[in-house]
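The file protein-v5.cif contains mmCIF, C-alpha atoms:
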data_structure
#
loop_
_atom_site.group_PDB
_atom_site.id
_atom_site.type_symbol
_atom_site.label_atom_id
_atom_site.label_comp_id
_atom_site.auth_asym_id
_atom_site.auth_seq_id
_atom_site.Cartn_x
_atom_site.Cartn_y
_atom_site.Cartn_z
ATOM 1 C CA MET H 1 -2.284 -9.725 32.289
ATOM 2 C CA GLU H 2 -2.095 -6.538 30.179
ATOM 3 C CA THR H 3 -1.095 -6.946 26.546
ATOM 4 C CA GLY H 4 -0.829 -3.286 25.602
ATOM 5 C CA ASN H 5 -1.292 -1.777 22.168
ATOM 6 C CA PHE H 6 0.693 -2.773 19.099
ATOM 7 C CA ILE H 7 1.556 -0.605 16.098
ATOM 8 C CA ASN H 8 3.490 -2.156 13.233
ATOM 9 C CA PRO H 9 6.707 -0.077 13.012
ATOM 10 C CA GLN H 10 7.083 -0.988 9.339
ATOM 11 C CA ARG H 11 3.997 1.105 8.609
ATOM 12 C CA PHE H 12 5.635 4.232 10.068
ATOM 13 C CA ARG H 13 9.068 4.723 8.514
ATOM 14 C CA PHE H 14 11.644 6.999 10.108
ATOM 15 C CA ARG H 15 12.158 10.258 8.261
ATOM 16 C CA SER H 16 15.884 10.787 8.717
ATOM 17 C CA SER H 17 16.420 13.446 6.040
ATOM 18 C CA ARG H 18 14.586 16.338 7.672
ATOM 19 C CA SER H 19 15.833 19.659 6.271
ATOM 20 C CA SER H 20 15.351 21.193 9.698
ATOM 21 C CA PHE H 21 18.271 19.076 11.014
ATOM 22 C CA VAL H 22 20.944 20.468 8.738
ATOM 23 C CA ARG H 23 20.131 24.131 8.276
ATOM 24 C CA ARG H 24 18.138 26.928 9.813
ATOM 25 C CA THR H 25 14.754 26.311 8.249
ATOM 26 C CA PRO H 26 11.346 26.945 9.782
ATOM 27 C CA LEU H 27 9.976 24.015 11.743
ATOM 28 C CA THR H 28 6.750 22.280 10.818
ATOM 29 C CA VAL H 29 4.520 21.840 13.854
ATOM 30 C CA GLY H 30 1.345 19.835 13.839
ATOM 31 C CA ARG H 31 -0.974 17.152 15.107
ATOM 32 C CA VAL H 32 -3.484 14.624 13.885
ATOM 33 C CA SER H 33 -6.575 13.376 15.649
ATOM 34 C CA ARG H 34 -10.118 12.408 14.944
ATOM 35 C CA ALA H 35 -12.471 15.240 14.101
ATOM 36 C CA ASP H 36 -13.476 16.111 17.658
ATOM 37 C CA ALA H 37 -13.343 19.715 18.837
ATOM 38 C CA GLY H 38 -13.070 18.487 22.429
ATOM 39 C CA LYS H 39 -9.537 17.255 21.778
ATOM 40 C CA TYR H 40 -8.213 20.741 20.978
ATOM 41 C CA PRO H 41 -7.508 23.559 23.460
ATOM 42 C CA GLU H 42 -10.316 26.103 23.518
ATOM 43 C CA ASP H 43 -7.951 28.727 22.080
ATOM 44 C CA PHE H 44 -6.345 26.274 19.677
ATOM 45 C CA PRO H 45 -4.960 28.614 17.006
ATOM 46 C CA ALA H 46 -3.392 30.825 19.677
ATOM 47 C CA SER H 47 -1.917 27.814 21.466
ATOM 48 C CA TYR H 48 0.297 27.056 18.465
ATOM 49 C CA GLU H 49 1.122 30.640 17.597
ATOM 50 C CA SER H 50 2.109 31.339 21.224
ATOM 51 C CA LEU H 51 4.956 28.821 20.855
ATOM 52 C CA GLY H 52 6.941 31.740 19.492
ATOM 53 C CA LEU H 53 8.550 29.854 16.612
ATOM 54 C CA ASP H 54 9.732 32.232 13.912
ATOM 55 C CA LYS H 55 8.126 31.406 10.568
ATOM 56 C CA ALA H 56 6.970 27.950 11.657
ATOM 57 C CA ARG H 57 4.426 26.123 9.523
ATOM 58 C CA TYR H 58 1.394 24.525 11.162
ATOM 59 C CA ARG H 59 -0.202 21.368 9.728
ATOM 60 C CA VAL H 60 -3.282 19.880 11.371
ATOM 61 C CA MET H 61 -5.250 16.855 10.191
ATOM 62 C CA GLY H 62 -8.680 16.258 11.692
ATOM 63 C CA MET H 63 -10.114 19.713 10.961
ATOM 64 C CA ASP H 64 -13.513 18.806 9.568
ATOM 65 C CA PRO H 65 -16.120 21.598 9.320
ATOM 66 C CA SER H 66 -17.625 20.602 12.661
ATOM 67 C CA VAL H 67 -14.271 21.204 14.326
ATOM 68 C CA LEU H 68 -13.191 24.227 12.329
ATOM 69 C CA GLY H 69 -16.528 25.880 13.067
ATOM 70 C CA GLN H 70 -15.490 26.275 16.678
ATOM 71 C CA TRP H 71 -12.996 28.962 15.672
ATOM 72 C CA GLY H 72 -13.726 29.838 12.036
ATOM 73 C CA PRO H 73 -11.195 29.995 9.210
ATOM 74 C CA ARG H 74 -10.323 33.629 9.942
ATOM 75 C CA CYS H 75 -8.538 32.534 13.116
ATOM 76 C CA PHE H 76 -5.900 30.747 11.029
ATOM 77 C CA GLY H 77 -3.287 32.664 9.059
ATOM 78 C CA ARG H 78 -1.264 31.876 5.944
ATOM 79 C CA ARG H 79 1.155 29.585 7.782
ATOM 80 C CA TRP H 80 -1.638 27.095 8.561
ATOM 81 C CA GLU H 81 -2.601 24.031 6.544
ATOM 82 C CA LEU H 82 -5.852 22.531 7.809
ATOM 83 C CA LEU H 83 -6.723 19.069 6.529
ATOM 84 C CA PRO H 84 -9.892 17.065 7.086
ATOM 85 C CA GLU H 85 -9.743 13.733 8.857
ATOM 86 C CA LEU H 86 -7.959 11.034 6.779
ATOM 87 C CA ALA H 87 -6.917 13.515 4.052
ATOM 88 C CA GLU H 88 -3.510 11.790 4.022
ATOM 89 C CA SER H 89 -2.224 8.538 5.421
ATOM 90 C CA ALA H 90 -1.118 8.938 9.032
ATOM 91 C CA GLU H 91 2.439 8.011 8.083
ATOM 92 C CA LEU H 92 2.689 10.526 5.251
ATOM 93 C CA PHE H 93 1.239 13.254 7.427
ATOM 94 C CA LEU H 94 3.470 12.542 10.441
ATOM 95 C CA ARG H 95 6.602 12.367 8.292
ATOM 96 C CA SER H 96 5.899 15.971 7.231
ATOM 97 C CA LEU H 97 6.179 17.235 10.827
ATOM 98 C CA ASP H 98 9.169 18.133 13.000
ATOM 99 C CA LEU H 99 7.251 18.615 16.249
ATOM 100 C CA PHE H 100 4.068 16.843 17.289
ATOM 101 C CA VAL H 101 2.530 19.378 19.669
ATOM 102 C CA TYR H 102 -0.478 17.751 21.323
ATOM 103 C CA GLU H 103 -1.902 20.116 23.887
ATOM 104 C CA LEU H 104 -5.382 18.988 24.893
ATOM 105 C CA ARG H 105 -8.453 20.795 26.149
ATOM 106 C CA ALA H 106 -8.613 21.008 29.940
ATOM 107 C CA GLY H 107 -10.322 17.916 31.302
ATOM 108 C CA THR H 108 -9.637 15.767 28.218
ATOM 109 C CA ARG H 109 -8.014 12.419 29.003
ATOM 110 C CA GLU H 110 -6.487 9.974 26.561
ATOM 111 C CA SER H 111 -6.635 6.255 27.194
ATOM 112 C CA TRP H 112 -3.196 5.592 25.706
ATOM 113 C CA GLY H 113 -2.133 7.956 22.953
ATOM 114 C CA ARG H 114 -1.614 5.805 19.867
ATOM 115 C CA VAL H 115 -1.025 8.765 17.569
ATOM 116 C CA VAL H 116 1.851 9.977 19.770
ATOM 117 C CA VAL H 117 3.637 6.637 19.363
ATOM 118 C CA GLU H 118 2.980 6.736 15.616
ATOM 119 C CA ALA H 119 4.564 10.209 15.493
ATOM 120 C CA MET H 120 7.582 8.963 17.444
ATOM 121 C CA LEU H 121 8.050 6.056 15.043
ATOM 122 C CA THR H 122 8.514 8.565 12.191
ATOM 123 C CA GLY H 123 11.011 10.582 14.250
ATOM 124 C CA CYS H 124 8.620 13.427 14.972
ATOM 125 C CA VAL H 125 9.413 14.776 18.458
ATOM 126 C CA PRO H 126 6.322 14.845 20.721
ATOM 127 C CA LEU H 127 5.438 17.679 23.095
ATOM 128 C CA VAL H 128 2.542 16.308 25.141
ATOM 129 C CA PRO H 129 0.700 16.962 28.409
ATOM 130 C CA GLY H 130 2.800 15.921 31.388
ATOM 131 C CA GLY H 131 0.299 15.576 34.191
ATOM 132 C CA GLU H 132 -0.060 12.282 36.016
ATOM 133 C CA ASP H 133 -3.583 11.907 34.596
ATOM 134 C CA HIS H 134 -2.127 11.408 31.112
ATOM 135 C CA PRO H 135 -0.614 8.166 29.752
ATOM 136 C CA TYR H 136 2.375 9.742 28.009
ATOM 137 C CA ARG H 137 4.688 9.313 30.998
ATOM 138 C CA GLU H 138 4.665 5.598 30.204
ATOM 139 C CA PHE H 139 6.514 6.030 26.901
ATOM 140 C CA VAL H 140 7.848 9.584 26.463
ATOM 141 C CA LYS H 141 11.172 10.124 28.228
ATOM 142 C CA HIS H 142 11.210 13.805 29.139
ATOM 143 C CA GLY H 143 14.093 15.603 27.470
ATOM 144 C CA VAL H 144 15.224 12.452 25.666
ATOM 145 C CA SER H 145 12.510 11.253 23.276
ATOM 146 C CA GLY H 146 10.096 14.151 23.742
ATOM 147 C CA PHE H 147 8.830 16.580 26.348
ATOM 148 C CA LEU H 148 6.132 16.279 29.005
ATOM 149 C CA CYS H 149 4.658 19.767 29.337
ATOM 150 C CA GLU H 150 2.529 20.739 32.323
ATOM 151 C CA SER H 151 1.746 24.304 31.231
ATOM 152 C CA ARG H 152 1.428 26.483 28.152
ATOM 153 C CA GLU H 153 4.755 28.056 29.065
ATOM 154 C CA ALA H 154 6.401 24.623 29.160
ATOM 155 C CA PHE H 155 5.156 23.876 25.637
ATOM 156 C CA ARG H 156 6.641 27.197 24.525
ATOM 157 C CA GLU H 157 10.010 26.692 26.239
ATOM 158 C CA CYS H 158 10.477 23.181 24.870
ATOM 159 C CA ALA H 159 9.494 24.128 21.327
ATOM 160 C CA ARG H 160 11.828 27.125 21.345
ATOM 161 C CA LEU H 161 14.674 25.008 22.730
ATOM 162 C CA LEU H 162 14.410 22.608 19.788
ATOM 163 C CA ASP H 163 14.061 25.499 17.334
ATOM 164 C CA ARG H 164 17.356 26.948 18.600
ATOM 165 C CA ASP H 165 19.250 23.663 18.961
ATOM 166 C CA ARG H 166 18.885 21.588 15.807
ATOM 167 C CA ASP H 167 21.487 19.075 16.974
ATOM 168 C CA ARG H 168 19.262 18.326 19.934
ATOM 169 C CA LEU H 169 16.238 18.114 17.642
ATOM 170 C CA ARG H 170 18.075 15.507 15.559
ATOM 171 C CA ALA H 171 19.118 13.516 18.639
ATOM 172 C CA MET H 172 15.611 13.575 20.099
ATOM 173 C CA SER H 173 14.111 12.546 16.767
ATOM 174 C CA GLN H 174 16.354 9.479 16.724
ATOM 175 C CA ALA H 175 15.582 8.753 20.385
ATOM 176 C CA ALA H 176 11.839 9.034 19.713
ATOM 177 C CA ARG H 177 12.159 6.369 17.030
ATOM 178 C CA GLN H 178 14.263 4.080 19.241
ATOM 179 C CA GLU H 179 11.991 4.370 22.286
ATOM 180 C CA SER H 180 8.888 3.687 20.217
ATOM 181 C CA LEU H 181 10.545 0.629 18.641
ATOM 182 C CA LYS H 182 11.173 -0.763 22.124
ATOM 183 C CA LEU H 183 7.477 -0.336 22.898
ATOM 184 C CA MET H 184 6.499 -2.107 19.698
ATOM 185 C CA ASP H 185 8.533 -5.282 20.174
ATOM 186 C CA ARG H 186 6.541 -7.782 18.112
ATOM 187 C CA THR H 187 7.791 -10.844 20.003
ATOM 188 C CA ALA H 188 6.876 -9.409 23.395
ATOM 189 C CA HIS H 189 3.393 -8.461 22.195
ATOM 190 C CA GLN H 190 2.828 -11.836 20.589
ATOM 191 C CA THR H 191 3.947 -13.620 23.751
ATOM 192 C CA GLY H 192 1.568 -11.491 25.805
ATOM 193 C CA TRP H 193 -1.401 -12.350 23.599
ATOM 194 C CA GLU H 194 -0.506 -16.028 23.637
ATOM 195 C CA GLU H 195 -0.515 -15.959 27.443
ATOM 196 C CA VAL H 196 -3.943 -14.307 27.454
ATOM 197 C CA PHE H 197 -5.451 -17.114 25.382
ATOM 198 C CA GLN H 198 -3.788 -20.048 27.171
#
Show me this structure written as structure tokens.
Amino acid sequence: METGNFINPQRFRFRSSRSSFVRRTPLTVGRVSRADAGKYPEDFPASYESLGLDKARYRVMGMDPSVLGQWGPRCFGRRWELLPELAESAELFLRSLDLFVYELRAGTRESWGRVVVEAMLTGCVPLVPGGEDHPYREFVKHGVSGFLCESREAFRECARLLDRDRDRLRAMSQAARQESLKLMDRTAHQTGWEEVFQ
């Protein structure tokens, strides 16, 4: 019996009033993770800037000196906000983002991807690795509640699609919330744990 992971949806409120939905404003792209340089692509600053999003802001939490030292502050321009681990609550941070772009270093594998579900609960649309070695296929519906990206070009195409089509961004934000709520059904999780301990 597998019980799965549970995240309390009440701790990650949906941000429905995103300015990016209603007018042509720059998107805020970001990610949060523990301070581990191995979780970021080797060319991390370039990986975000190559998305080709005009005037986008980049917010990253988990950039402690040990991580930032891999690239140095000069690699990040004025559009970047680099926060150390736990500088803000996860909810507050994720509610500030439009797109959760989570490209990983080659060879890095996630066991489940809790932070992606947390982002979805706030309505932040995830763009995540799409290979079969990654767990995201279990809960991200490609093109509905996020995008599964198998190449740098796929990350770029999906990000630019949502930048151009804000109605789709709004719809996918709502779908991300709904899909993550289905995953976090309290009764189903409680029943699963009760069966484990019977």
Take the PyMOL selection byres ((chain H and resi 12-28) around 10), run it mentally on this structure, and tell me the resulting residues as number ranges by chain.
H: 7-11, 29-30, 53-59, 79-80, 90-92, 94-100, 117-124, 159, 162-171, 173-174, 176-178
Writer output for current selection, C-alpha atoms, as a PDB file, in the coordinates of the input:
ATOM      1  CA  ILE H   7       1.556  -0.605  16.098  1.00  0.00           C
ATOM      2  CA  ASN H   8       3.490  -2.156  13.233  1.00  0.00           C
ATOM      3  CA  PRO H   9       6.707  -0.077  13.012  1.00  0.00           C
ATOM      4  CA  GLN H  10       7.083  -0.988   9.339  1.00  0.00           C
ATOM      5  CA  ARG H  11       3.997   1.105   8.609  1.00  0.00           C
ATOM      6  CA  VAL H  29       4.520  21.840  13.854  1.00  0.00           C
ATOM      7  CA  GLY H  30       1.345  19.835  13.839  1.00  0.00           C
ATOM      8  CA  LEU H  53       8.550  29.854  16.612  1.00  0.00           C
ATOM      9  CA  ASP H  54       9.732  32.232  13.912  1.00  0.00           C
ATOM     10  CA  LYS H  55       8.126  31.406  10.568  1.00  0.00           C
ATOM     11  CA  ALA H  56       6.970  27.950  11.657  1.00  0.00           C
ATOM     12  CA  ARG H  57       4.426  26.123   9.523  1.00  0.00           C
ATOM     13  CA  TYR H  58       1.394  24.525  11.162  1.00  0.00           C
ATOM     14  CA  ARG H  59      -0.202  21.368   9.728  1.00  0.00           C
ATOM     15  CA  ARG H  79       1.155  29.585   7.782  1.00  0.00           C
ATOM     16  CA  TRP H  80      -1.638  27.095   8.561  1.00  0.00           C
ATOM     17  CA  ALA H  90      -1.118   8.938   9.032  1.00  0.00           C
ATOM     18  CA  GLU H  91       2.439   8.011   8.083  1.00  0.00           C
ATOM     19  CA  LEU H  92       2.689  10.526   5.251  1.00  0.00           C
ATOM     20  CA  LEU H  94       3.470  12.542  10.441  1.00  0.00           C
ATOM     21  CA  ARG H  95       6.602  12.367   8.292  1.00  0.00           C
ATOM     22  CA  SER H  96       5.899  15.971   7.231  1.00  0.00           C
ATOM     23  CA  LEU H  97       6.179  17.235  10.827  1.00  0.00           C
ATOM     24  CA  ASP H  98       9.169  18.133  13.000  1.00  0.00           C
ATOM     25  CA  LEU H  99       7.251  18.615  16.249  1.00  0.00           C
ATOM     26  CA  PHE H 100       4.068  16.843  17.289  1.00  0.00           C
ATOM     27  CA  VAL H 117       3.637   6.637  19.363  1.00  0.00           C
ATOM     28  CA  GLU H 118       2.980   6.736  15.616  1.00  0.00           C
ATOM     29  CA  ALA H 119       4.564  10.209  15.493  1.00  0.00           C
ATOM     30  CA  MET H 120       7.582   8.963  17.444  1.00  0.00           C
ATOM     31  CA  LEU H 121       8.050   6.056  15.043  1.00  0.00           C
ATOM     32  CA  THR H 122       8.514   8.565  12.191  1.00  0.00           C
ATOM     33  CA  GLY H 123      11.011  10.582  14.250  1.00  0.00           C
ATOM     34  CA  CYS H 124       8.620  13.427  14.972  1.00  0.00           C
ATOM     35  CA  ALA H 159       9.494  24.128  21.327  1.00  0.00           C
ATOM     36  CA  LEU H 162      14.410  22.608  19.788  1.00  0.00           C
ATOM     37  CA  ASP H 163      14.061  25.499  17.334  1.00  0.00           C
ATOM     38  CA  ARG H 164      17.356  26.948  18.600  1.00  0.00           C
ATOM     39  CA  ASP H 165      19.250  23.663  18.961  1.00  0.00           C
ATOM     40  CA  ARG H 166      18.885  21.588  15.807  1.00  0.00           C
ATOM     41  CA  ASP H 167      21.487  19.075  16.974  1.00  0.00           C
ATOM     42  CA  ARG H 168      19.262  18.326  19.934  1.00  0.00           C
ATOM     43  CA  LEU H 169      16.238  18.114  17.642  1.00  0.00           C
ATOM     44  CA  ARG H 170      18.075  15.507  15.559  1.00  0.00           C
ATOM     45  CA  ALA H 171      19.118  13.516  18.639  1.00  0.00           C
ATOM     46  CA  SER H 173      14.111  12.546  16.767  1.00  0.00           C
ATOM     47  CA  GLN H 174      16.354   9.479  16.724  1.00  0.00           C
ATOM     48  CA  ALA H 176      11.839   9.034  19.713  1.00  0.00           C
ATOM     49  CA  ARG H 177      12.159   6.369  17.030  1.00  0.00           C
ATOM     50  CA  GLN H 178      14.263   4.080  19.241  1.00  0.00           C
TER      51      GLN H 178
END
Name the closest residue to H:Pro84 among the candidates H:Pro135, H:Gly107, H:Gly62, H:Gly130; distances are taken between atoms, counting all atoms listed in the file.
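With all atoms listed in the file as the atom set, the closest residue is H:Gly62.
Nearest to H:Ser180 of all the residues H:Val140, H:Leu148, H:Cys158, H:Val32 is H:Val140, based on all atoms listed in the file.
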Name every residue that the PyMOL selection byres ((chain H and resi 43) around 12) selects in this structure, writing the answer as a PyMOL selection string with chains first and numbers rising.
chain H and resi 37-42+44-50+68+70-72+75-76+103-106+152
Can you tell me how far atom CA of H:His134 sits from atom CA of H:Thr108, in Å to one decimal?
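Computing the Euclidean distance for atom CA of H:His134 and atom CA of H:Thr108 yields 9.2 Å.
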Å distance separating atom CA of H:Leu181 from atom CA of H:Glu110, one decimal place:
21.0 Å
When the PyMOL selection byres ((chain H and resi 154-157) around 8) is applied to the structure above, which residues does it catch, written out as a CSV table (one decimal) with C-alpha atoms, keeping the file's coordinate frame?
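out-v5.csv written:
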chain,number,residue,atom,x,y,z
H,50,SER,CA,2.1,31.3,21.2
H,51,LEU,CA,5.0,28.8,20.9
H,52,GLY,CA,6.9,31.7,19.5
H,101,VAL,CA,2.5,19.4,19.7
H,127,LEU,CA,5.4,17.7,23.1
H,149,CYS,CA,4.7,19.8,29.3
H,150,GLU,CA,2.5,20.7,32.3
H,151,SER,CA,1.7,24.3,31.2
H,152,ARG,CA,1.4,26.5,28.2
H,153,GLU,CA,4.8,28.1,29.1
H,158,CYS,CA,10.5,23.2,24.9
H,159,ALA,CA,9.5,24.1,21.3
H,160,ARG,CA,11.8,27.1,21.3
H,161,LEU,CA,14.7,25.0,22.7
Distance of atom CA of H:Ala35 from atom CA of H:Trp112, expressed in Å to one decimal place
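Distance between the two atoms: 17.7 Å.
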Residue contacts of H:Phe93 (9 Å, all atoms listed in the file) excluding same-chain residues fewer than 5 positions away, as a list in words
Arg31, Val32, Arg59, Val60, Met61, Ala87 and Glu88 of chain H
Distance criterion (all atoms listed in the file): nearest to H:Glu81 out of H:Met184, H:Gly69, H:Met63, H:Gly143
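Smallest separation from H:Glu81 among the options: H:Met63.
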Can you sort out the box for stretch 14-25 of chain H, edges along x, y and z, all listed atoms in, 6 Å on every side, with centre and edge lengths in Å to one decimal, as AutoDock Vina command-line options?
--center_x 16.3 --center_y 17.0 --center_z 8.5 --size_x 21.3 --size_y 31.9 --size_z 17.0
When you count all atoms listed in the file, which of these residues is closest to H:Arg137: H:Val125, H:Tyr102, H:Pro73, H:Gly113?
H:Gly113
